[in-house]
Structure formats: C-alpha cells, structure tokens
Amino acid sequence: MGGVVSLVRTKNPEDIRSSISEALTLIGFKLDNAVKSVVIKPNLCYYWDSSTGNTTDPRIVAAVIDLVREGHANVEIKVAEADASAMKTKHVFSVLGYEKLAKDKDVELVNLSIDVLEERTVKVGRREIQFKIPQLLVKSDLFVSVPKLKVMRATKITCAMKNIFGCIGAPRKIVYHPFLNEAIVGINKILHPHLTIVDGIIALGRYPLRLDLIMAATDPFSADWVACQTMGYNPARVEFLKIAIKEKVGSSKGITTKGESPAEFKKIFPRPGLTSSNQMWSLQSWLLKAYRKMSGDIIPPGLEEA
C-alpha cells in the first residue's frame with residue numbers, strides 16, 4: 001500500500017525549518033533515539049544553482065541538519081553525492097555552497113563514488129542490471145533523500161526515485177540511459193531512504209518557478225506519485241512508476257496527502273508542452289554544444305546524448 005505524503009508552503013527563508021518540521025509532523029515521522037549516523041543525499045546533478053530549479057537548495061539541507069540535531073547533538077551527519085558523467089562532486093560541493101554549509105554546520109561532505117562500493121545485480125523485467133552501491137548508504141542509521149521537484153525530458157518527472165539513481169557509485173551513469181526507467185526502478189530495489197524531503201521552493205518546469213513547496217514522505221514511490229500530480233502529469237502514464245508497480249517497488253493504492261492540495265500547485269506549475277519542450281531542448285542543446293567546442297568545458301550527460 002502507498003504511504004502518506006505531506007505538502008507544506010513556506011513563505012520565506014526563515015520558515016524553511018518550521019515548514020519541514022510541519023511536513024514531518026503531518027506524516028508522523030519522528031527521529032529514533034537510537035540513530036547515531038545520518039547521511040543526507042541532495043540532488044546536485046550539475047553546477048547549476050538551486051535558483052535555476054535544478055539542484056537542491058542548501059538551506060533545505062541546513063534545516064534538515066538542525067532538525068536532526070534537536071535532542072540528538074552527538075549524531076554523526078554526512079552530506080553525500082556521487083560523481084556523474086559530467087559532474088565532479090568535489091567541484092559541485094564548492095560551487096553550490098555545500099562546502100560553506102559543511103563548515104557552518106560541522107558536517108562531513110562525502111563523495112559516494114570513492115566510498116566502499118559493492119557490486120549488486122537486480123532483475124527488472126527480463127533485464128539484469130548491475131550497480132555499484134556505496135556502503136555508506138546501506139550502513140547509516142538514517143538515510144535522508146532531498147530531491148528537487150522538476151521535469152526531465154527522458155522520464156517526464158525527476159524527484160524522489162530519480163535522486164536514488166544519483167546514488168550509484170559509478171560516475172558514468174550515462175551507460176544506464178538506454179534503459180533509464182528500468183535502472184531507476186532497479187536501484188530503488190536496493191537502496192531505501194528512510195525519509196524523503198522534496199525541495200519545491202523553486203521548481204523546474206518549462207521555466208523555474210517559485211512554488212514555496214516542501215514535501216515529505218517515507219516512501220519515494222508515493223512522493224513521486226504526488227509530485228506528478230503537483231506538476232500536472234498523470235502518474236499512471238509515467239513509465240518508471242508503471243514499472244515500479246509491476247516490480248512491486250511501489251503501489252498507487254492507499255496513497256494519501258496531508259496539508260496543501262497538489263491541485264493548487266498544478267494550477268501554476270509551468271509544465272512543458274511537447275512542441276515547446278522539443279524546440280527549447282534543441283536550442284539549448286545547440287548553444288551548449290557550441291559552448292563546449294569553444295571553451296573545452298563539459299556539458300551534462302543528457303545533452304551529450306542529443
């Protein structure tokens with residue numbers, strides 16, 4: 001059965017912590033006193049600032065750290081991300097303000113790609129998929145996923161389950177793109193965050209938009225199901241969610257929401273139209289490829305495929 005997903009509005013930066021606290025209360029989440037180690041996984045897919053709607057706002061992660069430490073002062077907290085085909089974690093931590101966050105909050109930054117990695121194989125449909133699994137995520141007492149609310153051309157939406165795809169230790173995740181939907185489901189068969197807190201302060205649709213939304217859930221599938229509704233997509237038509245149901249990774253039955261209504265955000269979310277999305281994609285792809293040729297810099301793996 002599906003889980004409970006909360007939706008809370010936050011009005012200003014000072015409200016972020018209280019908004020997350022409210023979202024956790026609505027889903028009935030309480031931190032176990034036995035928790036000694038915590039790992040927080042934001043979505044830092046590339047060197048874009050959170051104001052673009054592409055990456056997790058460090059203020060969200062800072063608020064999570066503060067909430068974890070309420071009554072748990074001695075807990076060990078790590079903020080983790082893995083290298084990607086066109087992103088180096090050591091650089092993205094610096095560029096996006098996470099080094100400052102780590103210093104201010106006295107937490108450790110971890111590159112999952114250089115963690116102890118375990119080879120795991122799972123079957124999704126008839127396909128066997130191999131992954132390199134960072135052991136930090138398996139052994140931590142509390143694994144918190146903090147994805148961004150946004151669209152993605154290849155999968156329609158990218159949120160909770162896709163953020164777990166970003167945990168794969170192997171940097172060249174582009175190898176999974178020919179069967180991306182199956183790979184997203186496969187990695188979610190292995191890694192199970194205890195808590196998902198969605199950053200929808202600035203979401204990304206056809207363009208970035210301030211939604212001032214915080215979502216919380218203990219089930220990533222349920223979080224994505226509701227995320228689809230907030231962005232105006234029919235979740236039953238999102239391929240990786242359909243596969244997840246078949247593979248018993250999630251269930252649409254019994255999913256409930258508390259707090260704000262997803263329909264209120266759907267009214268204003270700038271969902272890309274097929275024509276406008278393809279035209280914009282072609283233009284952005286051309287411009288960035290031209291930039292790469294002139295500068296020698298790298299571009300995101302999704303654009304390398306175009």
# chains A, B, ... in the order shown; residues from 1 in each chain; ligands from 1

call {"tool": "select_by_dssp", "arguments": {"residues": "segment 1-189 of chain A", "states": "strand (DSSP E or B)", "output": "PyMOL selection string"}}
result
chain A and resi 4-9+37-42+76-81+84+87+108-111+117-124+127-134+142-146+148-152+156-158

call {"tool": "residues_around", "arguments": {"residues": "Lys103 of chain A", "least_positions_apart": "5", "cutoff": "12 Å", "atoms": "only C-alpha atoms", "output": "count of residues only"}}
result
9

call {"tool": "residues_around", "arguments": {"residues": "Gly205 of chain A", "least_positions_apart": "2", "cutoff": "12 Å", "atoms": "only C-alpha atoms", "output": "MDAnalysis selection string"}}
result
chainID A and resid 52:54 148:153 156:158 200 202:203 207:211 228 230:233 265:266 268:273 276:277 280

call {"tool": "closest_residue", "arguments": {"among": "A:Ala23, A:Ile40, A:Ile174, A:Val226", "to": "Leu241 of chain A", "atoms": "only C-alpha atoms"}}
result
A:Val226

call {"tool": "select_by_dssp", "arguments": {"residues": "segment 163-213 of chain A", "states": "alpha helix (DSSP H)", "output": "PyMOL selection string"}}
result
chain A and resi 163-165+180-190

call {"tool": "write_last_selection", "arguments": {"atoms": "N, CA and C atoms", "output": "compact mmCIF listing (two decimals), in the first residue's frame"}}
result
# COMPACT_ATOMS: atom_id res chain seq x y z
N ASN A 163 16.41 10.62 -7.63
CA ASN A 163 17.51 11.04 -6.77
C ASN A 163 18.29 9.84 -6.25
N ILE A 164 17.62 8.71 -6.07
CA ILE A 164 18.31 7.49 -5.66
C ILE A 164 19.18 6.96 -6.79
N PHE A 165 18.74 7.14 -8.03
CA PHE A 165 19.57 6.80 -9.19
C PHE A 165 20.91 7.54 -9.11
N LEU A 180 16.85 3.71 -18.93
CA LEU A 180 16.84 4.56 -17.74
C LEU A 180 15.69 4.25 -16.80
N ASN A 181 14.49 4.07 -17.33
CA ASN A 181 13.33 3.80 -16.47
C ASN A 181 13.52 2.53 -15.65
N GLU A 182 14.04 1.49 -16.30
CA GLU A 182 14.30 0.24 -15.59
C GLU A 182 15.41 0.42 -14.55
N ALA A 183 16.43 1.22 -14.89
CA ALA A 183 17.53 1.44 -13.97
C ALA A 183 17.08 2.20 -12.73
N ILE A 184 16.18 3.16 -12.92
CA ILE A 184 15.65 3.90 -11.76
C ILE A 184 14.95 2.94 -10.81
N VAL A 185 14.14 2.06 -11.36
CA VAL A 185 13.43 1.09 -10.52
C VAL A 185 14.42 0.12 -9.88
N GLY A 186 15.42 -0.31 -10.65
CA GLY A 186 16.40 -1.27 -10.14
C GLY A 186 17.16 -0.76 -8.94
N ILE A 187 17.65 0.47 -9.00
CA ILE A 187 18.41 1.00 -7.87
C ILE A 187 17.52 1.21 -6.66
N ASN A 188 16.23 1.49 -6.90
CA ASN A 188 15.29 1.65 -5.78
C ASN A 188 14.90 0.29 -5.17
N LYS A 189 15.22 -0.79 -5.84
CA LYS A 189 15.05 -2.11 -5.23
C LYS A 189 16.13 -2.37 -4.19
N ILE A 190 17.26 -1.66 -4.32
CA ILE A 190 18.41 -1.91 -3.45
C ILE A 190 18.50 -0.88 -2.33

call {"tool": "residues_around", "arguments": {"residues": "segment 191-193 of chain A", "least_positions_apart": "2", "cutoff": "6 Å", "atoms": "only C-alpha atoms", "output": "NGL selection string"}}
result
:A and (143-144 or 188 or 195)

call {"tool": "closest_residue", "arguments": {"among": "A:Val75, A:Ile201, A:Ile65, A:Ala84", "to": "Val175 of chain A", "atoms": "only C-alpha atoms"}}
result
A:Ala84

call {"tool": "residues_around", "arguments": {"residues": "Thr256 of chain A", "least_positions_apart": "3", "cutoff": "7 Å", "atoms": "only C-alpha atoms", "output": "ChimeraX atom specification"}}
result
/A:3-5

call {"tool": "write_last_selection", "arguments": {"atoms": "N, CA and C atoms", "output": "PDB file, in the first residue's frame"}}
result
ATOM      1  N   GLY A   3       1.950   5.297   0.752  1.00  0.00           N
ATOM      2  CA  GLY A   3       2.163   5.992   2.009  1.00  0.00           C
ATOM      3  C   GLY A   3       1.533   7.369   2.034  1.00  0.00           C
ATOM      4  N   VAL A   4       1.834   8.100   3.098  1.00  0.00           N
ATOM      5  CA  VAL A   4       1.332   9.460   3.295  1.00  0.00           C
ATOM      6  C   VAL A   4       2.374  10.445   2.786  1.00  0.00           C
ATOM      7  N   VAL A   5       1.911  11.435   2.052  1.00  0.00           N
ATOM      8  CA  VAL A   5       2.782  12.485   1.529  1.00  0.00           C
ATOM      9  C   VAL A   5       2.251  13.824   2.014  1.00  0.00           C
TER      10      VAL A   5
END

call {"tool": "atom_distance", "arguments": {"atom1": "atom CA of Ser222 of chain A", "atom2": "atom CA of Ile243 of chain A"}}
result
13.9 Å

call {"tool": "decode", "arguments": {"residues": "segment 196-208 of chain A", "atoms": "N, CA and C atoms", "output": "mmCIF file, in the first residue's frame"}}
result
data_model
loop_
_atom_site.group_PDB
_atom_site.id
_atom_site.type_symbol
_atom_site.label_atom_id
_atom_site.label_comp_id
_atom_site.auth_asym_id
_atom_site.auth_seq_id
_atom_site.Cartn_x
_atom_site.Cartn_y
_atom_site.Cartn_z
ATOM 1 N N THR A 196 12.168 11.043 2.758
ATOM 2 C CA THR A 196 12.345 11.885 1.578
ATOM 3 C C THR A 196 11.741 13.253 1.854
ATOM 4 N N ILE A 197 12.552 14.298 1.654
ATOM 5 C CA ILE A 197 12.089 15.680 1.798
ATOM 6 C C ILE A 197 12.328 16.375 0.466
ATOM 7 N N VAL A 198 11.268 16.763 -0.202
ATOM 8 C CA VAL A 198 11.358 17.310 -1.553
ATOM 9 C C VAL A 198 11.483 18.829 -1.512
ATOM 10 N N ASP A 199 12.494 19.325 -2.215
ATOM 11 C CA ASP A 199 12.701 20.767 -2.361
ATOM 12 C C ASP A 199 11.891 21.277 -3.559
ATOM 13 N N GLY A 200 10.760 21.900 -3.233
ATOM 14 C CA GLY A 200 9.947 22.529 -4.275
ATOM 15 C C GLY A 200 9.849 24.029 -4.060
ATOM 16 N N ILE A 201 10.853 24.603 -3.388
ATOM 17 C CA ILE A 201 10.846 26.050 -3.181
ATOM 18 C C ILE A 201 10.890 26.741 -4.542
ATOM 19 N N ILE A 202 11.883 26.384 -5.333
ATOM 20 C CA ILE A 202 11.894 26.775 -6.742
ATOM 21 C C ILE A 202 11.901 25.489 -7.543
ATOM 22 N N ALA A 203 10.827 25.221 -8.237
ATOM 23 C CA ALA A 203 10.703 24.011 -9.042
ATOM 24 C C ALA A 203 11.029 24.336 -10.496
ATOM 25 N N LEU A 204 11.256 23.295 -11.271
ATOM 26 C CA LEU A 204 11.623 23.496 -12.671
ATOM 27 C C LEU A 204 10.641 22.796 -13.586
ATOM 28 N N GLY A 205 9.940 23.597 -14.374
ATOM 29 C CA GLY A 205 9.082 23.075 -15.421
ATOM 30 C C GLY A 205 9.592 23.606 -16.746
ATOM 31 N N ARG A 206 8.728 24.261 -17.497
ATOM 32 C CA ARG A 206 9.163 24.907 -18.740
ATOM 33 C C ARG A 206 10.170 26.010 -18.427
ATOM 34 N N TYR A 207 10.065 26.544 -17.220
ATOM 35 C CA TYR A 207 10.999 27.527 -16.689
ATOM 36 C C TYR A 207 10.968 27.393 -15.161
ATOM 37 N N PRO A 208 11.974 27.923 -14.455
ATOM 38 C CA PRO A 208 11.949 27.846 -12.988
ATOM 39 C C PRO A 208 10.809 28.694 -12.428
#
